[in-house]
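What follows is one structure encoded as structure tokens, with my remarks underneath.
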Amino acid sequence: MPYCPSCGVESDKDDTPCPLCGFPIPRVPRDDPMDGLEITGYRNYYEHLKNEKRRRARRTRLIVFFILAGVSLYAALQAGMQDLLRNKRITFSPYVMSSVILFIILLYVLFGYVGRKKRILYLLFPAVTAYLFFLDIFDGSLQWFLDVGLPLSVLAFGWGTVNALVHRKRLPWQYAWTTYLADSAALCLLVELVVDLRMGDVGLKWSAIVVLSVFPIGLILVLLKLLLPNRFTGRLKRFFHV
Amino acid sequence: MEDWFRLDNAGKIYPAIVDERNTTLYRFSFEMTREVDPETLQKALEEIMPRFPYFHVRLRKGLFWFYFQRTEQTPRIEKDLFYPCTRYDFKRRRLPFQVYWSPGKIAVEFSHCLADGMGALEFCKALLHHYFLLKDGLVCWDRQGIKVPGEAVEPEEHVDAFREIYDPHIPLSRKRREKAYHLKGKMIPRGEYRITTGSMDFSRIRELAKEKGQGVTGLICTLYMDVFQQLIYQRRAKPAPIAINMPINLRELFHRGTLRNFFITLTPSVDPRLGVFTEEDIARHVNSFLNVEIDSRYVSQVIKRNVLTERNFFVRTLLLPLKELILPVIFHLFGERGYTSGISNMGKISLPPELEERISRVEIIPPPSPGNRIKMTCYSFKKKFYVTFGSFSQEKEVERAFFHRLIKHQIPVKIHRTGP
């Protein structure tokens with residue numbers, strides 16, 4: 001039987017560290033029929049249960065997604081049938097159909113099937129733009145898509161992209177939030193400009209209030225970062241952590 | 001036997017405290033000299049179950065208490081894949097006991113809600129006996145009281161003996177426990193449980209105990225306490241009483257044959273705040289404590305205190321969801337806080353010689369508990385004496401120091417380890 005040369009205890013196995021003191025036990029030749037039958041390692045049941053729970057949650061989420069998508073598709077088809085039967089032509093059903101398709105795309109995003117956050121933008125931008133385009137074109141001509149729908153969609157995509165970039169840069173939270181607030185204020189300014197251009201009455205109205213409100217908050221955040229010693233920011237962070 | 005029954009006094013608190021660390025499960029593991037046949041084991045288990053109807057139950061929730069309901073669910077043996085005593089989900093899915101097999105081993109895990117070690121051991125013996133009967137046609141000339149299928153179930157096997165012993169007229173024990181010394185440091189990850197078993201010659205340990213004028217339990221308890229005292233001084237920890245929780249089997253004391261829980265715990269302790277205790281001092285203290293306290297009259301007092309708590313009107317009428325919130329705190333404050341570790345001495349595991357020659361080694365693993373990160377069981381089988389530690393602590397200092405202490409007393413120890 002193998003013994004530990006350091007602490008003197010006898011061990012089950014040779015050629016392994018001593019189970020008590022960790023000293024390497026030398027290899028001893030032996031011939032034991034039970035050798036092959038021994039269990040070498042156990043699995044973690046707690047982790048096993050956690051994984052099982054996750055698997056079940058994933059399956060439930062998939063089922064709920066298919067139920068919601070199925071019910072909404074069925075409702076859209078019903079709307080199409082009713083439209084055809086009652087009006088003898090297609091009137092309102094394309095609006096319902098396109099809304100349902102956008103709803104399913106949104107569900108797909110909300111249920112987390114898109115994966116990386118960057119891909120959400122790449123999926124939502126064309127989807128929403130196409131939706132706006134179809135809403136406008138179903139009447140027979142483009143009336144508001146080119147001067148309002150498309151610019152607003154591009155602005156929202158730009159806003160999302162800038163925020164995603166800032167988030168990825170892992171800036172200190174004060175700078176990050178100042179940037180989020182600043183580009184949100186810029187978005188408000190541009191949205192107002194686009195809408196005003198369409199209405200033919202250009203001028204600063206509600207967006208000015210947003211910019212004026214955001215400016216002091218951003219300034220306070222930047223000053224907090226620049227002027228407060230690290231130990232105070234550390235304390236604040238600790239106190240307000242969620 | 002009724003379709004449902006109450007949990008006994010000792011088992012009542014356990015379902016409320018079960019979680020992934022505090023599983024309340026302990027294990028009897030039998031290493032075989034030949035390969036285990038799982039199909040025969042399954043058949044043996046199914047055939048033995050009608051003999052133990054009080055174990056063939058599911059844990060259910062009532063409005064005020066948990067209770068056991070008899071079930072028709074066939075118990076299934078499972079391959080031993082996970083760390084021992086960690087499959088804690090018996091409250092929802094499974095039976096409160098489980099039989100495991102691996103090519104060289106048969107293991108049975110029981111929850112303390114259902115039975116104590118002695119009750120579980122009777123079940124294990126019956127299972128092994130029937131397994132070998134089916135597998136090899138083995139007939140034991142002297143069964144030593146092992147239960148076999150077809151026998152009538154004795155009513156005394158499933159009574160709550162605490163209620164029978166309870167005497168409302170005796171005065172209450174007023175002993176209070178102080179906060180004891182506890183092991184500190186990091187724990188191993190959730191779902192893992194480190195088992196270290198040391199085996200030695202029983203004759204050598206008995207000789208040593210005789211030399212010191214103690215019983216084997218007293219000797220083990222003395223050495224264990226001394227190890228903790230050494231740890232306190234080595235780590236320069238704040239001294240606190242070292243109290244060891246020792247379950248005492250009450251079946252012989254009160255002549256009862258129940259297979260459900262029937263034990264109380266005694267806690268011999270020394271207080272390093274008063275100064276250094278030598279091994280002889282601790283031995284003297286432990287001896288006198290055990291001699292005085294293991295007395296049916298004093299034990300009745302402890303039983304009265306336990307049963308009285310259970311019978312308290314407010315405790316009884318508190319809704320179960322609230323009990324589940326409060327009982328873990330009570331268990332910590334009045335239970336685990338008061339002792340440093342636990343020693344369960346299971347005594348001699350005796351089986352008929354025909355069975356013994358087919359079993360090479362027995363391992364009894366104590367139930368894990370985060371409050372007492374390390375616990376110990378000791379028992380003897382054939383001519384060997386075993387000490388098994390179950391631990392959540394990342395450090396192995398206690399096990400190391402304890403076995404070194406035995407080696408210092410000229411007792412060679414062989415170590416077997418399970419887990420990380």
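Going through the structure tokens in order, the chains are called A, B, and so on, while each chain numbers its residues from 1 and the ligands are numbered from 1 in the order shown.
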(message) Please check the contacts: residues of chain A at most 8 Å away from chain B, using only C-alpha atoms, listed as a ChimeraX atom specification.
(response) /A:7-12,19-21,34,37-39,41-47
(request) Among the residues of stretch 5-228 of chain A, find those DSSP assigns to strand (DSSP E or B) from the backbone and print them as a PyMOL selection string. (result) chain A and resi 10-11+17+24+43
(message) When you look at B:Ile106 with a cut-off of 6 Å (counting only C-alpha atoms), what residues show up, excluding the ones that are within fewer than 3 positions of it in the same chain? I need them as an NGL selection string.
(response) :B and (29-30 or 100-101)
(message) Report, in Å to a single decimal, how far apart atom CA of B:Ile374 and atom CA of B:Leu114 are.
(response) 22.5 Å
(request) Tell me which of B:Met246, B:Leu133, B:Leu259, B:Leu406 sits closest to B:Leu290, counting only C-alpha atoms. (result) B:Met246
(request) From the DSSP assignment of the backbone, select every residue of stretch 98-342 of chain B that is helix (DSSP H, G or I), and format the answer as a PyMOL selection string. (result) chain B and resi 117-136+155-158+161-165+202-211+216-234+251-254+272-274+279-293+296-311+313-317+320-338
(message) Let me make sure I understand: among B:Tyr224, B:Tyr131, B:Tyr67, B:Tyr339, which one has the smallest atom-to-atom distance to B:Lys91 if we use only C-alpha atoms?
(response) B:Tyr67
(message) With only C-alpha atoms as the counted atoms, please give the residues lying no more than 10 Å from A:Val191, apart from itself and same-chain residues fewer than 5 positions off, as a ChimeraX atom specification.
(response) /A:148,151-152,155-156,185-186,196-197,207
Generate a file of the selected residues that holds C-alpha atoms, formatted as a tab-separated table (two decimals), in the first residue's frame.
```
chain	number	residue	atom	x	y	z
A	148	VAL	CA	-40.42	62.47	-42.02
A	151	PRO	CA	-35.11	60.84	-41.48
A	152	LEU	CA	-36.61	59.92	-38.08
A	155	LEU	CA	-31.87	59.57	-36.52
A	156	ALA	CA	-33.02	56.82	-34.15
A	185	ALA	CA	-30.68	66.20	-26.49
A	186	ALA	CA	-29.18	66.33	-30.00
A	196	ASP	CA	-40.82	71.53	-38.25
A	197	LEU	CA	-39.47	71.28	-41.82
A	207	SER	CA	-36.31	70.63	-27.65
```
(message) Give me, as a VMD selection string, all polymer residues having an atom no more than 12 Å from A:Tyr108, counting only C-alpha atoms and skipping those fewer than 4 positions away in the same chain.
(response) chain A and resid 61 to 62 64 to 66 68 to 69 101 to 104 112 to 115 119 to 120 123 to 124
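Using only C-alpha atoms, the nearest neighbour of B:Gln144 within the list B:Arg260, B:His129, B:Arg206, B:Arg177 is B:His129.
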Contacts of stretch 72-79 of chain A at 12 Å or less, counting only C-alpha atoms, minus same-chain residues fewer than 3 places along, as a PDB file with N, CA and C atoms, in the first residue's frame?
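Result file is part_32.pdb:
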```pdb
ATOM      1  N   PHE A  65     -43.004  32.255 -27.186  1.00  0.00           N
ATOM      2  CA  PHE A  65     -42.739  33.029 -28.407  1.00  0.00           C
ATOM      3  C   PHE A  65     -43.590  32.498 -29.561  1.00  0.00           C
ATOM      4  N   PHE A  66     -43.592  31.176 -29.729  1.00  0.00           N
ATOM      5  CA  PHE A  66     -44.351  30.609 -30.852  1.00  0.00           C
ATOM      6  C   PHE A  66     -45.848  30.818 -30.680  1.00  0.00           C
ATOM      7  N   ILE A  67     -46.338  30.730 -29.425  1.00  0.00           N
ATOM      8  CA  ILE A  67     -47.768  30.940 -29.183  1.00  0.00           C
ATOM      9  C   ILE A  67     -48.146  32.382 -29.557  1.00  0.00           C
ATOM     10  N   LEU A  68     -47.358  33.355 -29.045  1.00  0.00           N
ATOM     11  CA  LEU A  68     -47.665  34.764 -29.318  1.00  0.00           C
ATOM     12  C   LEU A  68     -47.582  35.052 -30.816  1.00  0.00           C
ATOM     13  N   ALA A  69     -46.512  34.551 -31.450  1.00  0.00           N
ATOM     14  CA  ALA A  69     -46.337  34.800 -32.890  1.00  0.00           C
ATOM     15  C   ALA A  69     -47.474  34.133 -33.672  1.00  0.00           C
ATOM     16  N   GLN A  82     -61.566  38.734 -43.432  1.00  0.00           N
ATOM     17  CA  GLN A  82     -62.719  39.596 -43.176  1.00  0.00           C
ATOM     18  C   GLN A  82     -62.756  40.760 -44.168  1.00  0.00           C
ATOM     19  N   ASP A  83     -61.533  41.307 -44.407  1.00  0.00           N
ATOM     20  CA  ASP A  83     -61.401  42.432 -45.323  1.00  0.00           C
ATOM     21  C   ASP A  83     -61.893  42.033 -46.722  1.00  0.00           C
ATOM     22  N   LEU A  84     -61.423  40.854 -47.154  1.00  0.00           N
ATOM     23  CA  LEU A  84     -61.790  40.383 -48.499  1.00  0.00           C
ATOM     24  C   LEU A  84     -63.282  40.069 -48.596  1.00  0.00           C
ATOM     25  N   LEU A  85     -63.805  39.397 -47.541  1.00  0.00           N
ATOM     26  CA  LEU A  85     -65.200  38.964 -47.575  1.00  0.00           C
ATOM     27  C   LEU A  85     -66.166  40.148 -47.504  1.00  0.00           C
ATOM     28  N   ARG A  86     -65.836  41.117 -46.637  1.00  0.00           N
ATOM     29  CA  ARG A  86     -66.774  42.232 -46.429  1.00  0.00           C
ATOM     30  C   ARG A  86     -66.651  43.292 -47.516  1.00  0.00           C
ATOM     31  N   ASN A  87     -65.391  43.662 -47.829  1.00  0.00           N
ATOM     32  CA  ASN A  87     -65.199  44.785 -48.754  1.00  0.00           C
ATOM     33  C   ASN A  87     -64.979  44.326 -50.194  1.00  0.00           C
ATOM     34  N   ILE A  90     -58.901  44.465 -51.000  1.00  0.00           N
ATOM     35  CA  ILE A  90     -58.002  44.661 -49.851  1.00  0.00           C
ATOM     36  C   ILE A  90     -58.024  46.130 -49.455  1.00  0.00           C
ATOM     37  N   THR A  91     -58.446  46.416 -48.216  1.00  0.00           N
ATOM     38  CA  THR A  91     -58.472  47.818 -47.765  1.00  0.00           C
ATOM     39  C   THR A  91     -57.541  48.020 -46.563  1.00  0.00           C
ATOM     40  N   PHE A  92     -57.969  47.561 -45.374  1.00  0.00           N
ATOM     41  CA  PHE A  92     -57.179  47.834 -44.156  1.00  0.00           C
ATOM     42  C   PHE A  92     -56.203  46.704 -43.809  1.00  0.00           C
ATOM     43  N   SER A  93     -56.389  45.531 -44.392  1.00  0.00           N
ATOM     44  CA  SER A  93     -55.615  44.373 -43.927  1.00  0.00           C
ATOM     45  C   SER A  93     -54.093  44.505 -44.121  1.00  0.00           C
ATOM     46  N   PRO A  94     -53.566  45.182 -45.156  1.00  0.00           N
ATOM     47  CA  PRO A  94     -52.099  45.309 -45.241  1.00  0.00           C
ATOM     48  C   PRO A  94     -51.492  46.014 -44.033  1.00  0.00           C
ATOM     49  N   TYR A  95     -52.248  46.989 -43.481  1.00  0.00           N
ATOM     50  CA  TYR A  95     -51.749  47.678 -42.282  1.00  0.00           C
ATOM     51  C   TYR A  95     -51.621  46.696 -41.122  1.00  0.00           C
ATOM     52  N   VAL A  96     -52.667  45.867 -40.965  1.00  0.00           N
ATOM     53  CA  VAL A  96     -52.653  44.873 -39.873  1.00  0.00           C
ATOM     54  C   VAL A  96     -51.498  43.899 -40.084  1.00  0.00           C
ATOM     55  N   MET A  97     -51.390  43.422 -41.339  1.00  0.00           N
ATOM     56  CA  MET A  97     -50.373  42.403 -41.649  1.00  0.00           C
ATOM     57  C   MET A  97     -48.955  42.925 -41.363  1.00  0.00           C
ATOM     58  N   SER A  98     -48.675  44.157 -41.835  1.00  0.00           N
ATOM     59  CA  SER A  98     -47.316  44.691 -41.635  1.00  0.00           C
ATOM     60  C   SER A  98     -47.059  44.959 -40.145  1.00  0.00           C
ATOM     61  N   SER A  99     -48.120  45.400 -39.414  1.00  0.00           N
ATOM     62  CA  SER A  99     -47.942  45.632 -37.968  1.00  0.00           C
ATOM     63  C   SER A  99     -47.627  44.325 -37.259  1.00  0.00           C
ATOM     64  N   VAL A 100     -48.322  43.269 -37.675  1.00  0.00           N
ATOM     65  CA  VAL A 100     -48.091  41.976 -37.027  1.00  0.00           C
ATOM     66  C   VAL A 100     -46.667  41.493 -37.312  1.00  0.00           C
ATOM     67  N   ILE A 101     -46.184  41.696 -38.535  1.00  0.00           N
ATOM     68  CA  ILE A 101     -44.819  41.261 -38.866  1.00  0.00           C
ATOM     69  C   ILE A 101     -43.804  42.033 -38.012  1.00  0.00           C
ATOM     70  N   LEU A 102     -44.037  43.348 -37.881  1.00  0.00           N
ATOM     71  CA  LEU A 102     -43.125  44.138 -37.037  1.00  0.00           C
ATOM     72  C   LEU A 102     -43.201  43.665 -35.583  1.00  0.00           C
ATOM     73  N   PHE A 103     -44.439  43.339 -35.126  1.00  0.00           N
ATOM     74  CA  PHE A 103     -44.637  42.855 -33.759  1.00  0.00           C
ATOM     75  C   PHE A 103     -43.837  41.560 -33.526  1.00  0.00           C
ATOM     76  N   ILE A 104     -43.858  40.674 -34.519  1.00  0.00           N
ATOM     77  CA  ILE A 104     -43.129  39.402 -34.359  1.00  0.00           C
ATOM     78  C   ILE A 104     -41.618  39.659 -34.317  1.00  0.00           C
ATOM     79  N   ILE A 105     -41.166  40.627 -35.165  1.00  0.00           N
ATOM     80  CA  ILE A 105     -39.730  40.966 -35.139  1.00  0.00           C
ATOM     81  C   ILE A 105     -39.351  41.537 -33.768  1.00  0.00           C
ATOM     82  N   LEU A 107     -40.884  40.940 -30.931  1.00  0.00           N
ATOM     83  CA  LEU A 107     -40.903  39.818 -29.985  1.00  0.00           C
ATOM     84  C   LEU A 107     -39.599  39.036 -30.054  1.00  0.00           C
TER      85      LEU A 107
END
```
(request) Select, from B:Phe392, B:Phe202, B:Phe110, B:Phe402, the residue with the minimum atom-to-atom distance to B:Pro370, counting only C-alpha atoms. (result)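 Among the listed residues, the smallest separation from B:Pro370 belongs to B:Phe392.
Residues within 8 Å of B:Tyr166, counting only C-alpha atoms and excluding same-chain residues fewer than 6 positions away, are Ser300, Ile303, Lys304 and Val307 of chain B.
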(message) To one decimal place in Å, what is the distance between atom CA of A:Leu121 and atom CA of A:Gly160?
(response) 7.1 Å
